[in-house]
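Remarks on the structure that follows.
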Amino acid sequence: MNSEAPEPTKAGLPAHEQVYRDLRDAILFGELEPGEPVTIQGLVARLEAGMTPVREALRRLTAEGALNAMGNRRIVVPVLDVDAVDELSAARQALEPLLARRAATRVTPDDVAELTSIDDRLDHAIERGDVSTYLQENHAFHAKLNQVAEAPILTAMVDGLWLRFGPSLRIVCGQMGTRNLPDRHKDMLVALAKGDADATARAMADDVTQGMDLVRQAVPDQK
């Protein structure tokens, strides 16, 4: 008796991996809001996927802290509190300037050109008031820089942090509008082009501070 392998998706990935990535992106870019419950049936319809890959994606993302398993088999998008934001901010400050510093010692002119193109698309999203594209391009900039750093263990840790604050960042971006969103990407690009590791790390530290200050604004008042 021959068993058939799972059919690949259009992207050439196994169905379970594609469903995981689609759900991960929905969390990362705030398509699912903090506190929002997620159900297998709802995700099957949303992702046009089977129940088995959806269950596997939920299991993986719960293990990664991107989703919370509650009582009665409920799964929800986590709601951050002030302490959680402070922890996330401290972790990002410890890791991301270090990655930026490493990237500055390895970056090529082609890398700088790609990062500049990403930042240009981000700027256009800001001009259009396109929050979804802003979030995607902002993440793409940081992801590319982390790739250049060639530190997969540190990068995986940072990826997990971004999953935890993504939904809250989407809320505050929607409230503020894109034109009020700060970033220090231009400073990083100048420093990277010069190969100035210290300046690149400082710009990243400032970028992280500004970003987490925004996330803190989305935390519910707990007084």
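So you can find residues: chains in the structure tokens are A, B, ... in the order shown, residues in each start at 1, and ligands are numbered from 1 in order.
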Could you list, with a cut-off of 12 Å and counting only C-alpha atoms, the residues of stretch 110-218 of chain A near stretch 60-83 of chain A, each shown with its nearest atom pair and the distance in Å rounded to one decimal, rows sorted by chain and ascending number, as a Markdown table?
| residue | atom | partner | partner_atom | distance |
| --- | --- | --- | --- | --- |
| A:Ala156 | CA | A:Glu64 | CA | 10.7 |
| A:Met157 | CA | A:Glu64 | CA | 10.1 |
| A:Val158 | CA | A:Glu64 | CA | 11.8 |
| A:Asp159 | CA | A:Glu64 | CA | 10.0 |
| A:Gly160 | CA | A:Glu64 | CA | 6.7 |
| A:Leu161 | CA | A:Ala66 | CA | 8.8 |
| A:Trp162 | CA | A:Ala66 | CA | 9.1 |
| A:Leu163 | CA | A:Ala66 | CA | 5.6 |
| A:Arg164 | CA | A:Ala66 | CA | 5.4 |
| A:Phe165 | CA | A:Leu80 | CA | 7.7 |
| A:Gly166 | CA | A:Ala66 | CA | 9.3 |
| A:Pro167 | CA | A:Val77 | CA | 8.1 |
| A:Ser168 | CA | A:Leu80 | CA | 7.6 |
| A:Leu169 | CA | A:Leu80 | CA | 10.8 |
| A:Ile171 | CA | A:Val79 | CA | 11.7 |
| A:Met212 | CA | A:Val82 | CA | 10.9 |
| A:Asp213 | CA | A:Val82 | CA | 10.9 |
| A:Val215 | CA | A:Leu80 | CA | 9.1 |
| A:Arg216 | CA | A:Val82 | CA | 6.9 |
| A:Gln217 | CA | A:Val82 | CA | 9.6 |
| A:Ala218 | CA | A:Leu80 | CA | 8.6 |
With N, CA, C and O atoms retained, export the selected residues as a PDB file, in the first residue's frame.
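The file below, out-v4.pdb, is the result:
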ATOM      1  N   ALA A 156      16.906  34.007  15.385  1.00  0.00           N
ATOM      2  CA  ALA A 156      15.721  33.235  15.765  1.00  0.00           C
ATOM      3  C   ALA A 156      15.121  33.764  17.066  1.00  0.00           C
ATOM      4  O   ALA A 156      13.889  33.818  17.220  1.00  0.00           O
ATOM      5  N   MET A 157      15.968  34.169  17.989  1.00  0.00           N
ATOM      6  CA  MET A 157      15.476  34.740  19.246  1.00  0.00           C
ATOM      7  C   MET A 157      14.735  36.049  18.981  1.00  0.00           C
ATOM      8  O   MET A 157      13.659  36.295  19.545  1.00  0.00           O
ATOM      9  N   VAL A 158      15.291  36.883  18.120  1.00  0.00           N
ATOM     10  CA  VAL A 158      14.649  38.164  17.787  1.00  0.00           C
ATOM     11  C   VAL A 158      13.324  37.926  17.064  1.00  0.00           C
ATOM     12  O   VAL A 158      12.329  38.608  17.330  1.00  0.00           O
ATOM     13  N   ASP A 159      13.295  36.957  16.166  1.00  0.00           N
ATOM     14  CA  ASP A 159      12.048  36.643  15.459  1.00  0.00           C
ATOM     15  C   ASP A 159      10.936  36.311  16.444  1.00  0.00           C
ATOM     16  O   ASP A 159       9.776  36.717  16.262  1.00  0.00           O
ATOM     17  N   GLY A 160      11.268  35.567  17.488  1.00  0.00           N
ATOM     18  CA  GLY A 160      10.270  35.228  18.499  1.00  0.00           C
ATOM     19  C   GLY A 160       9.767  36.437  19.253  1.00  0.00           C
ATOM     20  O   GLY A 160       8.575  36.530  19.597  1.00  0.00           O
ATOM     21  N   LEU A 161      10.643  37.399  19.501  1.00  0.00           N
ATOM     22  CA  LEU A 161      10.234  38.629  20.182  1.00  0.00           C
ATOM     23  C   LEU A 161       9.256  39.424  19.321  1.00  0.00           C
ATOM     24  O   LEU A 161       8.241  39.938  19.821  1.00  0.00           O
ATOM     25  N   TRP A 162       9.545  39.531  18.031  1.00  0.00           N
ATOM     26  CA  TRP A 162       8.673  40.292  17.135  1.00  0.00           C
ATOM     27  C   TRP A 162       7.277  39.683  17.080  1.00  0.00           C
ATOM     28  O   TRP A 162       6.279  40.408  16.973  1.00  0.00           O
ATOM     29  N   LEU A 163       7.193  38.370  17.143  1.00  0.00           N
ATOM     30  CA  LEU A 163       5.873  37.727  17.132  1.00  0.00           C
ATOM     31  C   LEU A 163       5.037  38.158  18.325  1.00  0.00           C
ATOM     32  O   LEU A 163       3.808  38.246  18.229  1.00  0.00           O
ATOM     33  N   ARG A 164       5.676  38.418  19.441  1.00  0.00           N
ATOM     34  CA  ARG A 164       4.944  38.735  20.662  1.00  0.00           C
ATOM     35  C   ARG A 164       4.405  40.162  20.681  1.00  0.00           C
ATOM     36  O   ARG A 164       3.381  40.416  21.305  1.00  0.00           O
ATOM     37  N   PHE A 165       5.096  41.100  20.023  1.00  0.00           N
ATOM     38  CA  PHE A 165       4.597  42.482  20.084  1.00  0.00           C
ATOM     39  C   PHE A 165       3.928  42.934  18.790  1.00  0.00           C
ATOM     40  O   PHE A 165       3.340  44.019  18.745  1.00  0.00           O
ATOM     41  N   GLY A 166       3.980  42.119  17.735  1.00  0.00           N
ATOM     42  CA  GLY A 166       3.395  42.513  16.459  1.00  0.00           C
ATOM     43  C   GLY A 166       1.941  42.952  16.522  1.00  0.00           C
ATOM     44  O   GLY A 166       1.579  44.019  15.993  1.00  0.00           O
ATOM     45  N   PRO A 167       1.068  42.169  17.161  1.00  0.00           N
ATOM     46  CA  PRO A 167      -0.345  42.583  17.213  1.00  0.00           C
ATOM     47  C   PRO A 167      -0.557  43.924  17.905  1.00  0.00           C
ATOM     48  O   PRO A 167      -1.389  44.729  17.477  1.00  0.00           O
ATOM     49  N   SER A 168       0.195  44.187  18.976  1.00  0.00           N
ATOM     50  CA  SER A 168       0.050  45.459  19.687  1.00  0.00           C
ATOM     51  C   SER A 168       0.586  46.619  18.858  1.00  0.00           C
ATOM     52  O   SER A 168       0.022  47.725  18.883  1.00  0.00           O
ATOM     53  N   LEU A 169       1.672  46.384  18.110  1.00  0.00           N
ATOM     54  CA  LEU A 169       2.216  47.435  17.256  1.00  0.00           C
ATOM     55  C   LEU A 169       1.204  47.814  16.182  1.00  0.00           C
ATOM     56  O   LEU A 169       1.057  48.994  15.855  1.00  0.00           O
ATOM     57  N   ILE A 171      -2.004  47.820  16.386  1.00  0.00           N
ATOM     58  CA  ILE A 171      -3.064  48.639  16.979  1.00  0.00           C
ATOM     59  C   ILE A 171      -2.627  50.092  17.068  1.00  0.00           C
ATOM     60  O   ILE A 171      -3.343  51.004  16.643  1.00  0.00           O
ATOM     61  N   MET A 212       9.344  50.324  20.766  1.00  0.00           N
ATOM     62  CA  MET A 212       8.729  49.774  21.970  1.00  0.00           C
ATOM     63  C   MET A 212       7.971  50.827  22.756  1.00  0.00           C
ATOM     64  O   MET A 212       7.012  50.501  23.471  1.00  0.00           O
ATOM     65  N   ASP A 213       8.354  52.088  22.621  1.00  0.00           N
ATOM     66  CA  ASP A 213       7.541  53.154  23.215  1.00  0.00           C
ATOM     67  C   ASP A 213       6.164  53.183  22.569  1.00  0.00           C
ATOM     68  O   ASP A 213       5.146  53.431  23.236  1.00  0.00           O
ATOM     69  N   VAL A 215       4.659  50.521  21.209  1.00  0.00           N
ATOM     70  CA  VAL A 215       3.960  49.326  21.687  1.00  0.00           C
ATOM     71  C   VAL A 215       3.395  49.566  23.079  1.00  0.00           C
ATOM     72  O   VAL A 215       2.269  49.153  23.386  1.00  0.00           O
ATOM     73  N   ARG A 216       4.154  50.246  23.918  1.00  0.00           N
ATOM     74  CA  ARG A 216       3.697  50.521  25.284  1.00  0.00           C
ATOM     75  C   ARG A 216       2.395  51.320  25.277  1.00  0.00           C
ATOM     76  O   ARG A 216       1.558  51.157  26.175  1.00  0.00           O
ATOM     77  N   GLN A 217       2.210  52.156  24.278  1.00  0.00           N
ATOM     78  CA  GLN A 217       0.972  52.943  24.185  1.00  0.00           C
ATOM     79  C   GLN A 217      -0.243  52.063  23.917  1.00  0.00           C
ATOM     80  O   GLN A 217      -1.384  52.481  24.182  1.00  0.00           O
ATOM     81  N   ALA A 218      -0.025  50.868  23.378  1.00  0.00           N
ATOM     82  CA  ALA A 218      -1.149  49.982  23.062  1.00  0.00           C
ATOM     83  C   ALA A 218      -1.532  49.094  24.255  1.00  0.00           C
ATOM     84  O   ALA A 218      -2.533  48.374  24.188  1.00  0.00           O
TER      85      ALA A 218
END
Inset, instruction - Within 8 Å of A:His16, counting only C-alpha atoms, which residues show up once you throw out same-chain ones fewer than 6 positions away? Write them as a PyMOL selection string, please. - result: chain A and resi 52-54+56-57
Selection above as a file: N, CA, C and O atoms, as a tab-separated table (two decimals), in the first residue's frame:
chain	number	residue	atom	x	y	z
A	52	THR	N	-5.73	19.35	9.95
A	52	THR	CA	-4.46	18.83	10.48
A	52	THR	C	-3.34	19.87	10.42
A	52	THR	O	-2.66	20.11	11.43
A	53	PRO	N	-3.10	20.52	9.28
A	53	PRO	CA	-2.05	21.55	9.27
A	53	PRO	C	-2.38	22.74	10.15
A	53	PRO	O	-1.47	23.37	10.71
A	54	VAL	N	-3.67	23.06	10.31
A	54	VAL	CA	-4.05	24.16	11.19
A	54	VAL	C	-3.72	23.80	12.64
A	54	VAL	O	-3.17	24.62	13.39
A	56	GLU	N	-1.45	21.78	13.67
A	56	GLU	CA	0.00	21.79	13.82
A	56	GLU	C	0.53	23.22	13.93
A	56	GLU	O	1.43	23.51	14.74
A	57	ALA	N	-0.02	24.13	13.13
A	57	ALA	CA	0.40	25.53	13.20
A	57	ALA	C	0.07	26.13	14.56
A	57	ALA	O	0.88	26.86	15.15
Output as CSV one row per residue of stretch 78-126 of chain A within 7 Å of stretch 199-203 of chain A: the closest atom pair and its distance in Å to one decimal place, counting only C-alpha atoms, sorted by chain and residue number ascending.
residue,atom,partner,partner_atom,distance
A:Pro97,CA,A:Ala201,CA,4.4
A:Leu98,CA,A:Ala201,CA,6.6
A:Ala100,CA,A:Ala201,CA,5.4
A:Arg101,CA,A:Ala201,CA,5.1
A:Ala104,CA,A:Thr200,CA,6.7
Please write the residues from the selection above to a file, keeping N, CA, C and O atoms, as a PDB file, in the first residue's frame.
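This went into again.pdb:
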ATOM      1  N   PRO A  97      20.810  45.616  18.631  1.00  0.00           N
ATOM      2  CA  PRO A  97      22.007  46.402  18.344  1.00  0.00           C
ATOM      3  C   PRO A  97      23.236  45.511  18.101  1.00  0.00           C
ATOM      4  O   PRO A  97      24.096  45.855  17.281  1.00  0.00           O
ATOM      5  N   LEU A  98      23.305  44.366  18.787  1.00  0.00           N
ATOM      6  CA  LEU A  98      24.404  43.432  18.565  1.00  0.00           C
ATOM      7  C   LEU A  98      24.360  42.883  17.140  1.00  0.00           C
ATOM      8  O   LEU A  98      25.391  42.813  16.448  1.00  0.00           O
ATOM      9  N   ALA A 100      22.923  44.353  14.600  1.00  0.00           N
ATOM     10  CA  ALA A 100      23.224  45.470  13.700  1.00  0.00           C
ATOM     11  C   ALA A 100      24.724  45.713  13.617  1.00  0.00           C
ATOM     12  O   ALA A 100      25.274  45.994  12.542  1.00  0.00           O
ATOM     13  N   ARG A 101      25.402  45.611  14.756  1.00  0.00           N
ATOM     14  CA  ARG A 101      26.858  45.792  14.780  1.00  0.00           C
ATOM     15  C   ARG A 101      27.538  44.725  13.921  1.00  0.00           C
ATOM     16  O   ARG A 101      28.449  45.017  13.135  1.00  0.00           O
ATOM     17  N   ALA A 104      27.077  45.412  10.217  1.00  0.00           N
ATOM     18  CA  ALA A 104      27.915  46.499   9.694  1.00  0.00           C
ATOM     19  C   ALA A 104      29.304  46.012   9.309  1.00  0.00           C
ATOM     20  O   ALA A 104      29.963  46.633   8.460  1.00  0.00           O
TER      21      ALA A 104
END
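Comparing the minimum interatomic distances between A:Arg170 and each of A:Val44, A:Val190, A:Leu154, A:Leu214, counting only C-alpha atoms, we find that A:Leu214 sits nearest.
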Inset, instruction - DSSP on the backbone, then: every residue of stretch 51-163 of chain A marked strand (DSSP E or B), written as a list in words. - result: Asn68, Ala69, Ile75 and Val76 of chain A
Can you write just those residues out, C-alpha atoms, as an mmCIF file, in the first residue's frame?
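Saved result, again-v6.cif, follows:
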data_model
loop_
_atom_site.group_PDB
_atom_site.id
_atom_site.type_symbol
_atom_site.label_atom_id
_atom_site.label_comp_id
_atom_site.auth_asym_id
_atom_site.auth_seq_id
_atom_site.Cartn_x
_atom_site.Cartn_y
_atom_site.Cartn_z
ATOM 1 C CA ASN A 68 -1.743 31.558 24.516
ATOM 2 C CA ALA A 69 -3.492 28.296 25.382
ATOM 3 C CA ILE A 75 -6.427 29.734 22.220
ATOM 4 C CA VAL A 76 -6.063 33.514 22.078
#
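If you count only C-alpha atoms and ignore residues fewer than 6 places along the chain from A:Asp183, what sits within 10 Å of it is Asn138, Ala203, Met204, Asp206, Asp207, Val208, Thr209, Gln210 and Gly211 of chain A.
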Inset, instruction - For atom CA of A:Ile153 and atom CA of A:Arg24, determine how far apart the two atoms are, in Å to one decimal place. - result: 18.9 Å
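Residue nearest A:Leu122, chosen from A:Ala15, A:Val172, A:Lys186, A:Asp198 and counting only C-alpha atoms: A:Lys186.
In this comparison, which uses only C-alpha atoms, the residue of A:Glu96, A:Cys173, A:Ala125, A:Lys194 approaching A:Asn146 most closely is A:Glu96.
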Inset, instruction - as a ChimeraX atom specification, list the residues of stretch 37-216 of chain A assigned to alpha helix (DSSP H) by DSSP on the backbone atoms of this structure. - result: /A:40-47,51-63,82-104,109-128,131-149,152-176,185-194,197-216
